[in-house]
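This report concerns only the one structure given below.
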Amino acid sequence: MEPTNKEIIYCQKVLHLLEDLQKVQQSIESFAEYSDKQKIHTHQTLSLILKLIIFLIILGVGILLKLSLVLLLVISVVYLFIFCLLFRYDSKKFKEKLALGGGTSLKMKSLNADLNKLKAEEIKIQTELNHFNRIPSQFKTIEVVSHMIRYMKRGEAQNIEEALYFWKMDETKHSAGK
């Protein structure tokens, strides 16, 4: 008895959905990384600008008060030393704050909206995958479904259940051989 095309098509649909799901999940991961990097870069830039403005104010006040050049140089060196320490500390604190999830700027709202679209797509694909209930959820992986299709195309299995049985047997052999 040869496998029906319906069985193979069924598995191919599941495989296609699994591949789409994997792409969406990878997009979510890379988008989240990009989003975090953007937030950190923006924060660091604003922090740098603020600290440089403070530095210029200190120099301006020093010049207005007609402080000596040596004193201005000492103040500048001390401020720059403190600035470097604060910049590191500030960046670490911001990364911790970012991990906790803060900020509501327009740019962040836009990034969150894009991320939510990707997550909605992921949920849609998951829901569609759940309709394909002939393959148990623990076996709905690209690897397993690809093997099942191969078993049916070779004629080793006539239906999904047999293909799954053969895959389980192969996995048992491979795990026992290790």
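Ordered as shown in the structure tokens, chains take letters A, B, and onward, while each chain numbers its residues from 1 and ligands are numbered from 1 in the order shown.
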
Which polymer residues have any atom within 12 Å of an atom of Val145 in chain A, counting only C-alpha atoms, with same-chain residues fewer than 4 positions away left out, as an NGL selection string?
:A and (7-19 or 134-141 or 149-152 or 160-161 or 163-164 or 166-168)

For the selection you just gave me, I'd like the residues written to a file as an mmCIF file, in the first residue's frame, keeping C-alpha atoms.
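Final output, part38.cif:
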data_model
loop_
_atom_site.group_PDB
_atom_site.id
_atom_site.type_symbol
_atom_site.label_atom_id
_atom_site.label_comp_id
_atom_site.auth_asym_id
_atom_site.auth_seq_id
_atom_site.Cartn_x
_atom_site.Cartn_y
_atom_site.Cartn_z
ATOM 1 C CA GLU A 7 -0.474 12.191 3.907
ATOM 2 C CA ILE A 8 2.619 13.733 2.335
ATOM 3 C CA ILE A 9 0.835 17.033 1.635
ATOM 4 C CA TYR A 10 -0.396 17.104 5.234
ATOM 5 C CA CYS A 11 3.175 16.717 6.502
ATOM 6 C CA GLN A 12 4.479 19.266 3.995
ATOM 7 C CA LYS A 13 1.950 21.818 5.252
ATOM 8 C CA VAL A 14 3.081 21.175 8.821
ATOM 9 C CA LEU A 15 6.726 21.457 7.727
ATOM 10 C CA HIS A 16 6.023 24.740 5.940
ATOM 11 C CA LEU A 17 4.329 26.152 9.043
ATOM 12 C CA LEU A 18 7.221 25.007 11.235
ATOM 13 C CA GLU A 19 9.714 26.705 8.924
ATOM 14 C CA ARG A 134 -2.500 14.057 13.682
ATOM 15 C CA ILE A 135 1.118 14.748 14.609
ATOM 16 C CA PRO A 136 1.598 15.013 18.380
ATOM 17 C CA SER A 137 2.915 18.412 19.475
ATOM 18 C CA GLN A 138 6.178 16.999 20.878
ATOM 19 C CA PHE A 139 6.983 15.692 17.370
ATOM 20 C CA LYS A 140 6.126 18.902 15.516
ATOM 21 C CA THR A 141 9.692 19.848 14.736
ATOM 22 C CA ILE A 149 8.058 12.970 4.699
ATOM 23 C CA ARG A 150 11.209 11.124 3.620
ATOM 24 C CA TYR A 151 9.889 7.793 5.000
ATOM 25 C CA MET A 152 6.630 8.207 3.090
ATOM 26 C CA ILE A 160 1.737 9.515 9.256
ATOM 27 C CA GLU A 161 1.467 7.041 12.111
ATOM 28 C CA ALA A 163 6.304 7.367 9.578
ATOM 29 C CA LEU A 164 6.262 8.513 13.187
ATOM 30 C CA PHE A 166 9.842 4.575 12.033
ATOM 31 C CA TRP A 167 11.262 7.866 13.271
ATOM 32 C CA LYS A 168 10.886 6.722 16.887
#

Using DSSP secondary structure from the backbone, list all alpha helix (DSSP H) positions within range 17-156 of chain A, as a PyMOL selection string.
chain A and resi 17-64+69-100+106-130+142-154

Pick out the closest residue to Leu48 in chain A from this set: A:Val74, A:Ala176, A:Leu129, A:Phe83. Count only C-alpha atoms.
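Going through A:Val74, A:Ala176, A:Leu129, A:Phe83 one by one, the smallest distance to Leu48 in chain A is for A:Phe83.
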